[in-house]
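For reference, final_28.csv is printed below; it contains CSV, C-alpha atoms.
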```
chain,number,residue,atom,x,y,z
A,252,MET,CA,-11.7,-19.7,1.6
A,253,VAL,CA,-8.7,-17.3,1.3
A,254,GLN,CA,-11.0,-14.3,1.5
A,255,ALA,CA,-12.9,-15.6,4.5
A,256,LEU,CA,-10.0,-16.9,6.5
A,257,GLY,CA,-7.7,-14.0,5.7
A,258,ALA,CA,-10.3,-11.4,6.6
A,259,ALA,CA,-11.0,-13.2,9.9
A,260,ILE,CA,-7.3,-13.0,10.8
A,261,VAL,CA,-6.8,-9.4,9.7
A,262,ARG,CA,-9.8,-8.2,11.6
A,263,GLY,CA,-8.8,-9.9,14.8
A,264,GLU,CA,-11.6,-12.5,14.8
A,265,ILE,CA,-8.8,-15.1,14.9
A,266,ALA,CA,-6.2,-13.7,17.3
A,267,SER,CA,-2.4,-13.6,16.7
A,268,GLY,CA,-0.8,-16.8,18.1
A,269,THR,CA,-3.9,-18.9,17.6
A,270,VAL,CA,-3.4,-22.4,16.4
A,271,LEU,CA,-5.9,-23.2,13.7
A,272,PRO,CA,-8.1,-26.3,13.9
A,273,PRO,CA,-7.0,-29.4,12.0
A,274,GLU,CA,-7.5,-29.5,8.3
A,275,PHE,CA,-10.7,-31.6,8.4
A,276,GLU,CA,-12.3,-29.2,10.8
A,277,LEU,CA,-11.5,-26.2,8.7
A,278,ALA,CA,-12.9,-28.0,5.7
A,279,GLU,CA,-16.2,-28.5,7.5
A,280,ARG,CA,-16.4,-25.0,8.9
A,281,TYR,CA,-15.9,-23.3,5.5
A,282,GLY,CA,-17.7,-25.9,3.4
A,283,ALA,CA,-14.6,-26.6,1.4
A,284,GLY,CA,-12.6,-29.6,0.3
A,285,ARG,CA,-9.4,-30.4,2.1
A,286,SER,CA,-7.3,-29.7,-1.0
A,287,VAL,CA,-8.9,-26.2,-1.0
A,288,VAL,CA,-8.0,-25.7,2.7
A,289,ARG,CA,-4.4,-26.7,2.0
A,290,GLU,CA,-4.2,-24.3,-0.9
A,291,ALA,CA,-5.7,-21.5,1.1
A,292,VAL,CA,-3.3,-22.1,4.0
A,293,LYS,CA,-0.4,-22.0,1.5
A,294,ILE,CA,-1.6,-18.7,0.0
A,295,LEU,CA,-2.1,-17.1,3.5
A,296,THR,CA,1.3,-18.4,4.5
A,297,ALA,CA,2.9,-16.6,1.6
A,298,LYS,CA,1.1,-13.4,2.6
A,299,GLY,CA,2.7,-13.7,6.1
A,300,LEU,CA,-0.5,-14.3,8.0
A,301,LEU,CA,0.1,-18.0,8.9
A,302,SER,CA,3.0,-20.2,9.7
A,303,VAL,CA,3.0,-24.0,9.3
A,304,ARG,CA,5.5,-26.0,11.5
A,305,PRO,CA,5.7,-29.7,12.2
A,306,ARG,CA,4.3,-30.5,15.7
A,307,HIS,CA,3.1,-26.9,16.1
A,308,GLY,CA,0.3,-26.9,13.6
A,309,THR,CA,-0.8,-23.9,11.6
A,310,GLN,CA,-0.5,-20.7,13.6
A,311,VAL,CA,-1.6,-17.1,13.1
A,312,ARG,CA,1.5,-14.8,12.9
A,313,PRO,CA,1.7,-11.4,14.6
A,314,LEU,CA,0.8,-8.3,12.6
A,315,HIS,CA,4.4,-7.1,12.2
A,316,GLU,CA,5.1,-10.3,10.2
A,317,TRP,CA,2.2,-9.8,7.7
A,318,THR,CA,2.9,-8.7,4.2
A,319,LEU,CA,1.1,-5.4,4.7
A,320,LEU,CA,1.7,-4.2,1.2
A,321,ASP,CA,-0.1,-7.1,-0.3
A,322,PRO,CA,-3.3,-5.7,-2.0
A,323,ASP,CA,-5.4,-8.5,-0.5
A,324,VAL,CA,-4.1,-7.9,3.1
A,325,LEU,CA,-4.7,-4.1,2.7
A,326,GLY,CA,-8.2,-4.8,1.4
A,327,TRP,CA,-9.0,-7.1,4.4
A,328,MET,CA,-7.8,-4.4,6.8
A,329,ARG,CA,-10.2,-1.8,5.3
A,330,SER,CA,-13.3,-1.3,7.5
A,331,GLU,CA,-16.3,0.8,6.6
A,332,ASP,CA,-14.4,3.8,7.8
A,333,GLY,CA,-11.4,2.9,5.6
A,334,LEU,CA,-7.9,1.9,6.8
A,335,ASP,CA,-6.7,2.3,10.3
A,336,HIS,CA,-5.4,5.9,10.8
A,337,ASN,CA,-2.0,4.8,12.0
A,338,LEU,CA,-1.6,2.5,9.0
A,339,LEU,CA,-2.5,5.4,6.6
A,340,LEU,CA,0.2,7.6,8.1
A,341,ALA,CA,2.7,4.8,8.0
A,342,LEU,CA,2.0,4.3,4.3
A,343,GLU,CA,2.5,8.0,3.7
A,344,GLU,CA,5.8,7.9,5.6
A,345,THR,CA,6.9,5.0,3.4
A,346,ARG,CA,6.1,7.1,0.3
A,347,ALA,CA,8.1,10.0,1.7
A,348,ILE,CA,11.2,7.8,2.1
A,349,ILE,CA,11.0,6.4,-1.5
A,350,GLU,CA,9.4,8.8,-3.9
A,351,PRO,CA,11.4,12.0,-3.5
A,352,GLU,CA,14.6,10.1,-4.1
A,353,ALA,CA,13.0,8.3,-7.0
A,354,ALA,CA,12.1,11.7,-8.5
A,355,ALA,CA,15.7,12.9,-8.1
A,356,LEU,CA,17.0,9.8,-9.8
A,357,ALA,CA,14.5,10.2,-12.6
A,358,ALA,CA,15.7,13.7,-13.2
A,359,VAL,CA,19.2,12.3,-14.0
A,360,ARG,CA,18.2,9.1,-15.7
A,361,ALA,CA,14.9,9.4,-17.4
A,362,THR,CA,14.9,8.6,-21.1
A,363,PRO,CA,12.7,10.4,-23.7
A,364,ASP,CA,10.2,7.5,-23.5
A,365,ASP,CA,10.2,7.7,-19.7
A,366,LEU,CA,9.4,11.5,-19.9
A,367,ALA,CA,6.6,10.8,-22.4
A,368,ARG,CA,4.9,8.4,-20.1
A,369,ILE,CA,5.1,10.7,-17.1
A,370,ARG,CA,3.8,13.6,-19.2
A,371,ALA,CA,1.0,11.5,-20.7
A,372,ALA,CA,-0.1,10.5,-17.1
A,373,LEU,CA,-0.1,14.2,-16.0
A,374,ILE,CA,-2.2,15.2,-19.1
A,375,ALA,CA,-4.7,12.4,-18.2
A,376,MET,CA,-4.8,13.6,-14.6
A,377,GLU,CA,-5.7,17.1,-15.8
A,378,ALA,CA,-8.3,15.8,-18.3
A,379,ASP,CA,-10.0,13.4,-15.9
A,380,GLN,CA,-10.6,15.7,-12.9
A,381,ASN,CA,-14.3,15.1,-13.0
A,382,SER,CA,-14.0,11.3,-13.1
A,383,PRO,CA,-12.5,10.2,-9.8
A,384,GLN,CA,-11.7,6.7,-10.8
A,385,ALA,CA,-10.0,7.8,-14.1
A,386,ALA,CA,-8.1,10.5,-12.2
A,387,ILE,CA,-6.9,8.0,-9.6
A,388,ALA,CA,-5.7,5.6,-12.3
A,389,ALA,CA,-3.8,8.4,-14.1
A,390,ASP,CA,-2.3,9.5,-10.8
A,391,LYS,CA,-1.0,6.0,-10.2
A,392,ARG,CA,0.5,5.9,-13.7
A,393,PHE,CA,2.3,9.2,-13.0
A,394,HIS,CA,4.0,8.0,-9.8
A,395,LEU,CA,4.8,4.5,-11.2
A,396,ALA,CA,6.2,6.1,-14.4
A,397,ILE,CA,8.6,8.1,-12.2
A,398,LEU,CA,9.6,5.0,-10.3
A,399,ASP,CA,10.3,3.2,-13.7
A,400,ALA,CA,12.2,6.3,-14.8
A,401,THR,CA,14.9,5.8,-12.1
A,402,ASN,CA,16.1,2.9,-14.3
A,403,ASN,CA,17.1,1.2,-11.1
A,404,PRO,CA,16.1,-2.5,-11.1
A,405,ILE,CA,15.8,-2.6,-7.3
A,406,LEU,CA,13.5,0.4,-7.1
A,407,ARG,CA,11.5,-0.9,-10.0
A,408,SER,CA,10.9,-4.1,-8.1
A,409,PHE,CA,9.0,-2.0,-5.5
A,410,ARG,CA,6.4,-1.2,-8.2
A,411,GLY,CA,3.8,-3.6,-6.7
A,412,ALA,CA,4.3,-2.3,-3.2
A,413,ILE,CA,4.1,1.3,-4.3
A,414,GLU,CA,1.0,0.6,-6.3
A,415,ALA,CA,-0.7,-1.0,-3.3
A,416,ILE,CA,0.2,2.1,-1.2
A,417,LEU,CA,-1.1,4.4,-3.9
A,418,SER,CA,-4.4,2.5,-4.1
A,419,ALA,CA,-4.9,2.8,-0.3
A,420,MET,CA,-3.9,6.5,-0.2
A,421,PHE,CA,-5.8,7.8,-3.2
A,422,ASP,CA,-9.1,6.5,-2.0
A,423,PHE,CA,-8.6,8.7,1.0
A,424,THR,CA,-7.4,11.9,-0.8
A,425,VAL,CA,-9.4,11.9,-4.0
A,426,ASP,CA,-11.5,14.8,-2.8
A,427,VAL,CA,-8.5,17.1,-2.8
A,428,PHE,CA,-7.0,15.7,-6.1
A,429,ALA,CA,-7.4,18.9,-8.1
A,430,GLY,CA,-5.5,21.0,-5.6
A,431,ASN,CA,-2.4,18.9,-5.9
A,432,LEU,CA,-2.1,19.0,-9.8
A,433,ALA,CA,0.2,22.0,-9.8
A,434,ASN,CA,2.6,20.2,-7.5
A,435,HIS,CA,2.6,17.2,-9.9
A,436,ALA,CA,3.3,19.5,-12.8
A,437,ALA,CA,6.3,20.9,-10.9
A,438,VAL,CA,7.7,17.4,-10.5
A,439,LEU,CA,7.5,16.8,-14.2
A,440,ASP,CA,9.1,20.1,-15.0
A,441,ALA,CA,12.0,19.4,-12.7
A,442,ILE,CA,12.5,15.9,-14.1
A,443,ALA,CA,12.3,17.1,-17.7
A,444,ALA,CA,14.9,19.9,-16.8
A,445,GLY,CA,17.2,17.3,-15.3
A,446,GLU,CA,17.3,19.1,-12.0
A,447,ALA,CA,17.5,16.4,-9.3
A,448,ASP,CA,17.3,18.6,-6.2
A,449,ARG,CA,14.3,20.5,-7.6
A,450,ALA,CA,12.6,17.2,-8.5
A,451,ARG,CA,13.1,15.9,-5.0
A,452,GLU,CA,11.7,19.0,-3.4
A,453,ALA,CA,8.7,19.1,-5.8
A,454,MET,CA,7.8,15.5,-4.9
A,455,ARG,CA,8.0,16.4,-1.2
A,456,GLN,CA,5.5,19.1,-1.9
A,457,VAL,CA,3.2,16.6,-3.6
A,458,LEU,CA,3.4,14.2,-0.6
A,459,GLY,CA,3.2,17.1,1.9
A,460,TYR,CA,0.0,18.3,0.4
A,461,THR,CA,-1.5,14.8,0.8
A,462,ARG,CA,-0.2,14.4,4.4
A,463,GLY,CA,-1.5,17.9,5.3
A,464,HIS,CA,-5.0,16.9,4.1
A,465,MET,CA,-4.9,13.7,6.1
A,466,LEU,CA,-3.9,15.4,9.3
A,467,SER,CA,-6.6,18.1,8.9
A,468,SER,CA,-9.3,15.6,8.0
A,469,PRO,CA,-12.2,15.1,10.5
A,470,MET,CA,-11.3,11.4,10.3
A,471,LEU,CA,-8.0,12.1,12.0
A,472,ALA,CA,-9.1,15.1,14.0
A,473,GLY,CA,-9.0,13.1,17.2
A,474,GLY,CA,-5.4,12.1,16.7
A,475,GLU,CA,-3.8,8.8,15.9
A,476,LYS,CA,-5.6,5.8,17.3
A,477,PRO,CA,-3.2,3.6,19.4
A,478,ARG,CA,-2.7,0.2,18.0
A,479,LYS,CA,-3.5,-2.8,20.2
A,480,SER,CA,-0.4,-4.6,21.4
A,481,GLU,CA,0.4,-8.0,19.9
A,482,PRO,CA,0.9,-10.9,22.3
A,483,GLY,CA,4.5,-10.7,23.7
A,484,GLU,CA,4.9,-7.0,22.9
A,485,THR,CA,5.5,-4.4,25.6
A,486,SER,CA,3.9,-1.0,25.7
```
Conversion result in structure tokens:
Amino acid sequence: MVQALGAAIVRGEIASGTVLPPEFELAERYGAGRSVVREAVKILTAKGLLSVRPRHGTQVRPLHEWTLLDPDVLGWMRSEDGLDHNLLLALEETRAIIEPEAAALAAVRATPDDLARIRAALIAMEADQNSPQAAIAADKRFHLAILDATNNPILRSFRGAIEAILSAMFDFTVDVFAGNLANHAAVLDAIAAGEADRAREAMRQVLGYTRGHMLSSPMLAGGEKPRKSEPGETS
């Protein structure tokens, strides 16, 4: 029920602003019990897709109110061609805001255990180059270990969001994985040396490599696709 209704909303089959049918109609449409419908609505409300208000019913919320870093929401947004180009670039911009500064903090605050985890992830990345899924998993561990090494509880709380971004990005860039290994190694070297400025710049090089590949990809060769306006938005 969550999967079917969530995907229908995210893919535009149920437009923003739409008031959903009453509970009993949804139960019939999806072949589910009313308790299942209520639970599904509750879950989708928590993901930002729906709002439930007395006398207004259950309404589909606009895209800018969705929890876009929820793994389910990102999954539903993925078409056969992958994620929307503008969304991919927005995800990369978000990484560029957070990860270079996280690397700089890690250079100052990383404990020996933190460094061991970052180093182990890099070694796994180098060893798993011929296994895309294993390499992607190791790459995630590398970036998340750096986030943890900031020893900042607020930044650490972004772990789930960053992991969702990494999952979306790495599926797109796995074919150029090997070419970015040296940049990852430079990040580790700078963090291990305690050089914050060098760590920040090295992480920018990692992200710049990914962004450069995205912008030169045939998938993006035609430029960024304009997003359809939401009801009530002006162009």
query = If you count all atoms listed in the file, which residues fall within 7 Å of Ala353 in chain A, apart from same-chain ones fewer than 4 positions away, as number ranges by chain?
reply = A: 349, 357, 397-398, 401
Would you save the residues of that selection, restricted to C-alpha atoms, as a PDB file, in the coordinates of the input?
```pdb
ATOM      1  CA  ILE A 349      11.000   6.400  -1.500  1.00  0.00           C
ATOM      2  CA  ALA A 357      14.500  10.200 -12.600  1.00  0.00           C
ATOM      3  CA  ILE A 397       8.600   8.100 -12.200  1.00  0.00           C
ATOM      4  CA  LEU A 398       9.600   5.000 -10.300  1.00  0.00           C
ATOM      5  CA  THR A 401      14.900   5.800 -12.100  1.00  0.00           C
TER       6      THR A 401
END
```
inquiry  = As an exercise, work out the distance from CA of Leu340 in chain A to CA of Leu325 in chain A in Å and give it to one decimal place.
reply    =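 Separation of CA of Leu340 in chain A and CA of Leu325 in chain A: 13.8 Å.
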request  = Fewer than 2 positions away in the same chain doesn't count, so skip those; otherwise give me all residues within 10 Å of Met328 in chain A, counting all atoms listed in the file, as a list in words.
outcome  = Gly257, Ala258, Ala259, Ile260, Val261, Arg262, Gly263, Leu319, Pro322, Asp323, Val324, Leu325, Gly326, Ser330, Glu331, Gly333, Leu334, Asp335 and Leu338 of chain A
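The interatomic distance for the pair CA of Trp327 in chain A and CA of Pro272 in chain A works out to 21.4 Å.
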ask   = Just how far from CA of Asp426 in chain A is CA of Leu458 in chain A, in Å to one decimal?
value =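 One can read the CA of Leu458 in chain A to CA of Asp426 in chain A distance as 15.1 Å.
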message = Could you check the closest approach to Leu339 in chain A for each of A:Ala291, A:Ala415, A:Val359, A:Ala436 and tell me which residue wins, using only C-alpha atoms?
response =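 Of A:Ala291, A:Ala415, A:Val359, A:Ala436, the one nearest Leu339 in chain A is A:Ala415, counting only C-alpha atoms.
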ask   = Which is closest to Arg360 in chain A among A:Ala378, A:Ile416, A:Ile442, A:Leu301, if we use all atoms listed in the file?
value = A:Ile442
inquiry  = Which residue is closest to Arg312 in chain A? Choose from A:Leu406, A:Ile265, A:Ile294, A:Leu439 and count only C-alpha atoms.
reply    =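 Closest to Arg312 in chain A of all the choices is A:Ile265.
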query = What lies within 6 Å of Ala453 in chain A using all atoms listed in the file, ignoring chain neighbours under 2 positions off, as an NGL selection string?
reply = :A and (437-438 or 450-451 or 455-456)
request  = Can you pull out every residue within 8 Å of Thr318 in chain A, counting only C-alpha atoms, but drop anything in the same chain fewer than 4 positions away, and send it as a PyMOL selection string?
outcome  = chain A and resi 298-300+324
Using C-alpha atoms, can you export the residues from the last selection as an mmCIF file, keeping the file's coordinate frame?
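So the final result, stored in selection-v9.cif, reads:
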```cif
data_model
loop_
_atom_site.group_PDB
_atom_site.id
_atom_site.type_symbol
_atom_site.label_atom_id
_atom_site.label_comp_id
_atom_site.auth_asym_id
_atom_site.auth_seq_id
_atom_site.Cartn_x
_atom_site.Cartn_y
_atom_site.Cartn_z
ATOM 1 C CA LYS A 298 1.100 -13.400 2.600
ATOM 2 C CA GLY A 299 2.700 -13.700 6.100
ATOM 3 C CA LEU A 300 -0.500 -14.300 8.000
ATOM 4 C CA VAL A 324 -4.100 -7.900 3.100
#
```
request  = Using only C-alpha atoms, determine which residues lie at most 12 Å from Asn402 in chain A, disregarding the query and same-chain residues fewer than 5 positions distant; provide the list as an MDAnalysis selection string.
outcome  = chainID A and resid 353:362 364:365 395:397 407:408
Got time to write the residues from that selection, C-alpha atoms, as an mmCIF file, keeping the file's coordinate frame?
```cif
data_model
loop_
_atom_site.group_PDB
_atom_site.id
_atom_site.type_symbol
_atom_site.label_atom_id
_atom_site.label_comp_id
_atom_site.auth_asym_id
_atom_site.auth_seq_id
_atom_site.Cartn_x
_atom_site.Cartn_y
_atom_site.Cartn_z
ATOM 1 C CA ALA A 353 13.000 8.300 -7.000
ATOM 2 C CA ALA A 354 12.100 11.700 -8.500
ATOM 3 C CA ALA A 355 15.700 12.900 -8.100
ATOM 4 C CA LEU A 356 17.000 9.800 -9.800
ATOM 5 C CA ALA A 357 14.500 10.200 -12.600
ATOM 6 C CA ALA A 358 15.700 13.700 -13.200
ATOM 7 C CA VAL A 359 19.200 12.300 -14.000
ATOM 8 C CA ARG A 360 18.200 9.100 -15.700
ATOM 9 C CA ALA A 361 14.900 9.400 -17.400
ATOM 10 C CA THR A 362 14.900 8.600 -21.100
ATOM 11 C CA ASP A 364 10.200 7.500 -23.500
ATOM 12 C CA ASP A 365 10.200 7.700 -19.700
ATOM 13 C CA LEU A 395 4.800 4.500 -11.200
ATOM 14 C CA ALA A 396 6.200 6.100 -14.400
ATOM 15 C CA ILE A 397 8.600 8.100 -12.200
ATOM 16 C CA ARG A 407 11.500 -0.900 -10.000
ATOM 17 C CA SER A 408 10.900 -4.100 -8.100
#
```
task = Kindly indicate which residue among A:Ala341, A:Val292, A:Leu366, A:Ala347 lies nearest to Ala444 in chain A, using all atoms listed in the file for the distances.
result =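 Among the listed residues, A:Leu366 lies closest to Ala444 in chain A.
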task = Would you mind telling me which residue in A:Asn403, A:Val270, A:Leu466, A:Leu277 lies nearest to His336 in chain A when using all atoms listed in the file?
result =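 Ranked by minimum distance to His336 in chain A, first place goes to A:Leu466.
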message = Under the rule that all atoms listed in the file are counted, which of A:Val303, A:Ile405, A:Leu314, A:Met252 is the nearest residue to Pro273 in chain A?
response =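 Nearest candidate to Pro273 in chain A out of A:Val303, A:Ile405, A:Leu314, A:Met252: A:Val303.
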task = Take the point (-11.7, 10.8, -11.9) as written in the file and pick out every residue within 12 Å of it, counting all atoms listed in the file; give the list as a PyMOL selection string.
result = chain A and resi 375-391+421-422+424-429
